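Working notes, structure below.
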Amino acid sequence: MEIGLSHYLILSTILFGIGLYGVMSRKNLLMLFFATEILLNSVNIGFAAISHYLGDLTGQMFAFFVIAIAASEVAVGLGLLVVWFKRHNRIDLDEMMSMRG
Amino acid sequence: MFETVAFYLFAVLVTVSFFIAVTTSQALYALTALASGMILISGFFFILDAEFLGAIQIIVYSGAVLALYAFGMMFFDTTREVKEKKGNRIIIASLSVLSVILVVLIFAAPVVSDNIVANYPVVEGIGNTEQVGIVLFTKYLVPFEVAAVMLLVAMIAGIVLAGKKMDVSLTLKDDSEINNEEKVLS
């Protein structure tokens with residue numbers, strides 16, 4: 001059976017669902033970051049697949065920019081997380097109550 | 001045939017490792033599963049003739065991002081069991097599946113209708129890296145430069161946030177003590 005665009009889109013959807021489940025079920029902020037990486041990667045697969053099957057390079061360009069965004073997000077987010085952990089000794093989402101959210 | 005086998009092999013492996021990454025209670029297992037999933041995802045990019053994207057995936061994600069996480073985890077107590085939310089897991093799982101199906105219906109429906117014309121079509125006979133270079137440095141030059149500036153800002157932010165006062169432990173002191181030290185230093 002030939003692998004078509006829909007195979008890749010379904011795979012991308014499944015991975016996105018896994019990442020979404022991770023985002024909603026995790027309480028530890030580091031694990032939440034892992035789940036967001038999964039979300040970004042699943043979207044990248046979709047972009048690359050559409051780029052291949054349409055014969056258009058725009059999808060790959062978007063994937064590059066998504067990777068750049070993910071890299072800078074990790075740098076800033078991990079820096080903030082390290083500062084928070086140094087002060088409070090834990091990185092659980094439920095205990096970040098300084099804004100009474 | 002080769003493409004089919006490779007697709008299903010990579011699909012199963014990536015799905016399993018990402019599933020482990022979101023469900024395990026050990027931070028180190030999650031990091032390892034995430035790293036293996038990232039490397040396996042680059043296999044899809046090589047199948048899809050996007051060799052440059054696959055190389056970037058390995059270098060940036062497996063090399064830089066996960067190394068950054070590994071170094072960041074040295075600051076955290078990774079041996080401690082990760083506590084999970086106590087909410088209803090079935091509700092969470094069904095909500096994520098439903099929303100994903102909705103997103104696919106909204107965004108995949110226009111793709112199915114054959115109204116799409118390639119803006120920057122793939123040229124035969126030129127390598128993928130060369131094509132990416134041509135498109136990136138002509139049509140996407142401004143976003144490329146903006147991304148470069150954003151990465152610079154992120155780098156400075158990371159250094160300022162994580163690199164400050166590396167020699168003292170902020171957890172063993174009160175906020176007032178830290179503020180006093182800052183006043184003395186400045």
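By convention here, the chains of the structure tokens are called A, B, ... in the order presented, each chain's residues are numbered starting at 1, and ligands are numbered starting at 1 in the order presented.
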Exercise answer, chain A residues close to chain B, 7 Å and only C-alpha atoms, as a short mmCIF file (atom, residue, chain, number, x, y, z; two decimals) with N, CA and C atoms, in the first residue's frame:
```
data_model
loop_
_atom_site.label_atom_id
_atom_site.label_comp_id
_atom_site.auth_asym_id
_atom_site.auth_seq_id
_atom_site.Cartn_x
_atom_site.Cartn_y
_atom_site.Cartn_z
N GLU A 2 0.56 2.12 -0.92
CA GLU A 2 1.36 3.34 -1.05
C GLU A 2 1.08 4.30 0.11
N ILE A 3 2.13 4.90 0.62
CA ILE A 3 1.98 5.86 1.70
C ILE A 3 1.62 7.22 1.11
N LEU A 11 -0.75 10.43 11.29
CA LEU A 11 0.32 10.24 12.28
C LEU A 11 0.58 11.52 13.05
N THR A 13 -1.52 13.88 13.57
CA THR A 13 -2.65 14.09 14.48
C THR A 13 -2.53 13.26 15.74
N LEU A 15 0.23 12.10 17.11
CA LEU A 15 1.29 12.64 17.97
C LEU A 15 0.83 13.93 18.64
N GLY A 17 -2.22 14.58 19.48
CA GLY A 17 -3.11 14.16 20.57
C GLY A 17 -2.33 13.72 21.79
N ILE A 18 -1.22 12.98 21.56
CA ILE A 18 -0.39 12.56 22.69
C ILE A 18 0.17 13.77 23.42
N LEU A 20 -1.05 16.80 23.45
CA LEU A 20 -2.14 17.53 24.11
C LEU A 20 -2.52 16.85 25.41
N TYR A 21 -2.55 15.52 25.39
CA TYR A 21 -2.83 14.77 26.62
C TYR A 21 -1.77 15.07 27.67
N GLY A 22 -0.50 15.15 27.22
CA GLY A 22 0.58 15.47 28.15
C GLY A 22 0.42 16.85 28.75
N MET A 24 -2.29 18.50 29.20
CA MET A 24 -3.43 18.61 30.12
C MET A 24 -3.24 17.79 31.38
N SER A 25 -2.43 16.72 31.33
CA SER A 25 -2.35 15.85 32.50
C SER A 25 -1.14 16.12 33.37
N ARG A 26 -0.11 16.79 32.87
CA ARG A 26 1.09 16.99 33.66
C ARG A 26 0.94 18.13 34.64
N LYS A 27 1.60 17.99 35.79
CA LYS A 27 1.63 19.06 36.77
C LYS A 27 3.02 19.65 36.92
N ASN A 28 4.03 18.81 36.70
CA ASN A 28 5.41 19.27 36.77
C ASN A 28 5.72 20.12 35.54
N ALA A 35 6.01 18.03 26.83
CA ALA A 35 4.78 17.84 26.05
C ALA A 35 4.66 18.90 24.96
N ALA A 48 6.22 19.02 6.79
CA ALA A 48 7.14 18.37 5.84
C ALA A 48 6.38 17.49 4.86
N ALA A 49 5.35 16.78 5.37
CA ALA A 49 4.59 15.90 4.49
C ALA A 49 3.83 16.69 3.43
N HIS A 52 6.14 17.93 0.81
CA HIS A 52 6.58 16.90 -0.13
C HIS A 52 5.49 16.57 -1.14
N LEU A 54 2.77 18.31 -2.04
CA LEU A 54 2.35 19.39 -2.92
C LEU A 54 3.48 19.87 -3.80
N GLY A 55 4.71 19.44 -3.54
CA GLY A 55 5.85 19.93 -4.30
C GLY A 55 6.13 21.39 -4.04
N ASP A 56 5.99 21.81 -2.78
CA ASP A 56 6.14 23.22 -2.43
C ASP A 56 7.08 23.32 -1.24
N LEU A 57 8.00 24.27 -1.28
CA LEU A 57 8.99 24.35 -0.21
C LEU A 57 8.53 25.16 1.00
N THR A 58 7.35 25.80 0.89
CA THR A 58 6.90 26.66 1.99
C THR A 58 6.75 25.89 3.30
N ALA A 68 13.16 27.09 15.16
CA ALA A 68 13.84 28.24 15.77
C ALA A 68 13.05 28.75 16.98
N ALA A 71 13.47 26.42 19.92
CA ALA A 71 14.77 26.54 20.57
C ALA A 71 14.81 27.74 21.51
N SER A 72 14.28 28.89 21.04
CA SER A 72 14.33 30.07 21.91
C SER A 72 13.38 29.93 23.09
N VAL A 74 12.71 27.16 24.64
CA VAL A 74 13.37 26.32 25.62
C VAL A 74 14.40 27.12 26.41
N ALA A 75 15.17 27.97 25.71
CA ALA A 75 16.21 28.72 26.40
C ALA A 75 15.61 29.62 27.47
N VAL A 76 14.59 30.42 27.08
CA VAL A 76 14.00 31.36 28.04
C VAL A 76 13.24 30.61 29.13
N LEU A 78 13.53 27.51 30.27
CA LEU A 78 14.36 26.77 31.20
C LEU A 78 15.09 27.72 32.14
N GLY A 79 15.47 28.91 31.63
CA GLY A 79 16.09 29.90 32.51
C GLY A 79 15.15 30.34 33.61
N LEU A 80 13.90 30.64 33.23
CA LEU A 80 12.89 31.03 34.23
C LEU A 80 12.64 29.90 35.22
N VAL A 82 14.73 27.53 36.14
CA VAL A 82 15.87 27.38 37.05
C VAL A 82 15.79 28.42 38.16
N VAL A 83 15.44 29.67 37.80
CA VAL A 83 15.32 30.72 38.81
C VAL A 83 14.22 30.37 39.81
N LYS A 86 15.34 27.59 42.11
CA LYS A 86 16.31 28.05 43.11
C LYS A 86 15.60 28.72 44.27
N ARG A 87 14.52 29.44 43.97
CA ARG A 87 13.84 30.19 45.04
C ARG A 87 12.89 29.31 45.83
N HIS A 88 12.13 28.44 45.16
CA HIS A 88 11.03 27.74 45.82
C HIS A 88 11.25 26.26 45.98
N ASN A 89 12.31 25.71 45.36
CA ASN A 89 12.68 24.31 45.51
C ASN A 89 11.67 23.33 44.93
#
```
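The strand (DSSP E or B) portion of chain A consists of A:Arg26, A:Asn28, A:Asp56, A:Asp92, with states taken from DSSP on the backbone.
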Would you save the residues of that selection, restricted to all heavy atoms, as a CSV table (one decimal), in the first residue's frame?
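As a result, again.csv now contains:
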```
chain,number,residue,atom,x,y,z
A,26,ARG,N,-0.1,16.8,32.9
A,26,ARG,CA,1.1,17.0,33.7
A,26,ARG,C,0.9,18.1,34.6
A,26,ARG,O,0.3,19.1,34.4
A,26,ARG,CB,2.3,17.3,32.8
A,26,ARG,CG,2.8,16.1,32.0
A,26,ARG,CD,3.3,15.1,32.9
A,26,ARG,NE,4.1,14.1,32.1
A,26,ARG,CZ,4.5,12.9,32.6
A,26,ARG,NH1,4.2,12.6,33.9
A,26,ARG,NH2,5.2,12.1,31.9
A,28,ASN,N,4.0,18.8,36.7
A,28,ASN,CA,5.4,19.3,36.8
A,28,ASN,C,5.7,20.1,35.5
A,28,ASN,O,5.4,19.7,34.4
A,28,ASN,CB,6.3,18.0,36.8
A,28,ASN,CG,7.7,18.4,37.1
A,28,ASN,OD1,8.3,19.2,36.4
A,28,ASN,ND2,8.3,17.8,38.1
A,56,ASP,N,6.0,21.8,-2.8
A,56,ASP,CA,6.1,23.2,-2.4
A,56,ASP,C,7.1,23.3,-1.2
A,56,ASP,O,7.0,22.5,-0.3
A,56,ASP,CB,4.8,23.8,-2.0
A,56,ASP,CG,4.8,25.3,-1.9
A,56,ASP,OD1,5.9,25.8,-1.7
A,56,ASP,OD2,3.7,25.9,-2.0
A,92,ASP,N,6.2,22.7,40.7
A,92,ASP,CA,4.8,22.2,40.4
A,92,ASP,C,3.9,23.4,40.0
A,92,ASP,O,4.0,24.4,40.6
A,92,ASP,CB,4.2,21.5,41.6
A,92,ASP,CG,4.9,20.1,41.8
A,92,ASP,OD1,5.5,19.7,40.8
A,92,ASP,OD2,4.8,19.6,42.9
```
Identify all residues of chain A in alpha helix (DSSP H) (DSSP on the backbone) and supply them as a PyMOL selection string. chain A and resi 5-25+29-54+58-88
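For the choices A:Tyr53, A:Leu29, A:Gly77, A:Val43, the atom-to-atom distance to Leu93 of chain A is smallest for A:Leu29 when using only C-alpha atoms.
With atom CA of Leu141 of chain B on one side and atom CA of Glu124 of chain B on the other, the separation reads 23.1 Å.
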Contacts of segment 59-63 of chain A at 7 Å or less, counting only C-alpha atoms, minus same-chain residues fewer than 6 places along, as a tab-separated table (two decimals) with all heavy atoms, in the first residue's frame?
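The resulting file, selection_8.tsv, is reproduced below:
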```
chain	number	residue	atom	x	y	z
A	44	ASN	N	5.52	19.74	12.83
A	44	ASN	CA	6.60	19.74	11.85
A	44	ASN	C	6.47	18.58	10.85
A	44	ASN	O	6.75	18.75	9.67
A	44	ASN	CB	7.95	19.63	12.55
A	44	ASN	CG	8.49	20.98	12.92
A	44	ASN	OD1	7.89	21.99	12.56
A	44	ASN	ND2	9.58	21.00	13.63
A	47	PHE	N	3.90	19.58	8.34
A	47	PHE	CA	4.44	20.57	7.39
A	47	PHE	C	5.32	19.91	6.34
A	47	PHE	O	5.18	20.18	5.13
A	47	PHE	CB	5.28	21.61	8.15
A	47	PHE	CG	4.48	22.73	8.72
A	47	PHE	CD1	4.74	23.22	9.98
A	47	PHE	CD2	3.47	23.32	7.99
A	47	PHE	CE1	4.01	24.25	10.52
A	47	PHE	CE2	2.73	24.36	8.52
A	47	PHE	CZ	3.00	24.83	9.78
A	48	ALA	N	6.22	19.02	6.79
A	48	ALA	CA	7.14	18.37	5.84
A	48	ALA	C	6.38	17.49	4.86
A	48	ALA	O	6.70	17.46	3.67
A	48	ALA	CB	8.18	17.56	6.60
A	50	ILE	N	3.19	17.79	3.86
A	50	ILE	CA	2.44	18.60	2.89
A	50	ILE	C	3.40	19.21	1.87
A	50	ILE	O	3.11	19.27	0.67
A	50	ILE	CB	1.62	19.67	3.62
A	50	ILE	CG1	0.48	19.00	4.38
A	50	ILE	CG2	1.04	20.66	2.64
A	50	ILE	CD1	-0.33	19.92	5.20
A	51	SER	N	4.57	19.63	2.36
A	51	SER	CA	5.57	20.20	1.47
A	51	SER	C	6.00	19.19	0.41
A	51	SER	O	6.17	19.53	-0.76
A	51	SER	CB	6.78	20.64	2.30
A	51	SER	OG	7.91	20.74	1.52
```
Find the distance between atom CA of Phe10 of chain B and atom CA of Glu73 of chain A and write it in Å to one decimal. 26.8 Å
Taking into account only C-alpha atoms, which residue in the set A:Met97, A:Ile10, A:Ile91, A:Met31 is nearest to Leu28 of chain B? A:Met31
As an exercise, work out the distance from atom CA of Asn41 of chain A to atom CA of Glu95 of chain A in Å and give it to one decimal place. 28.9 Å
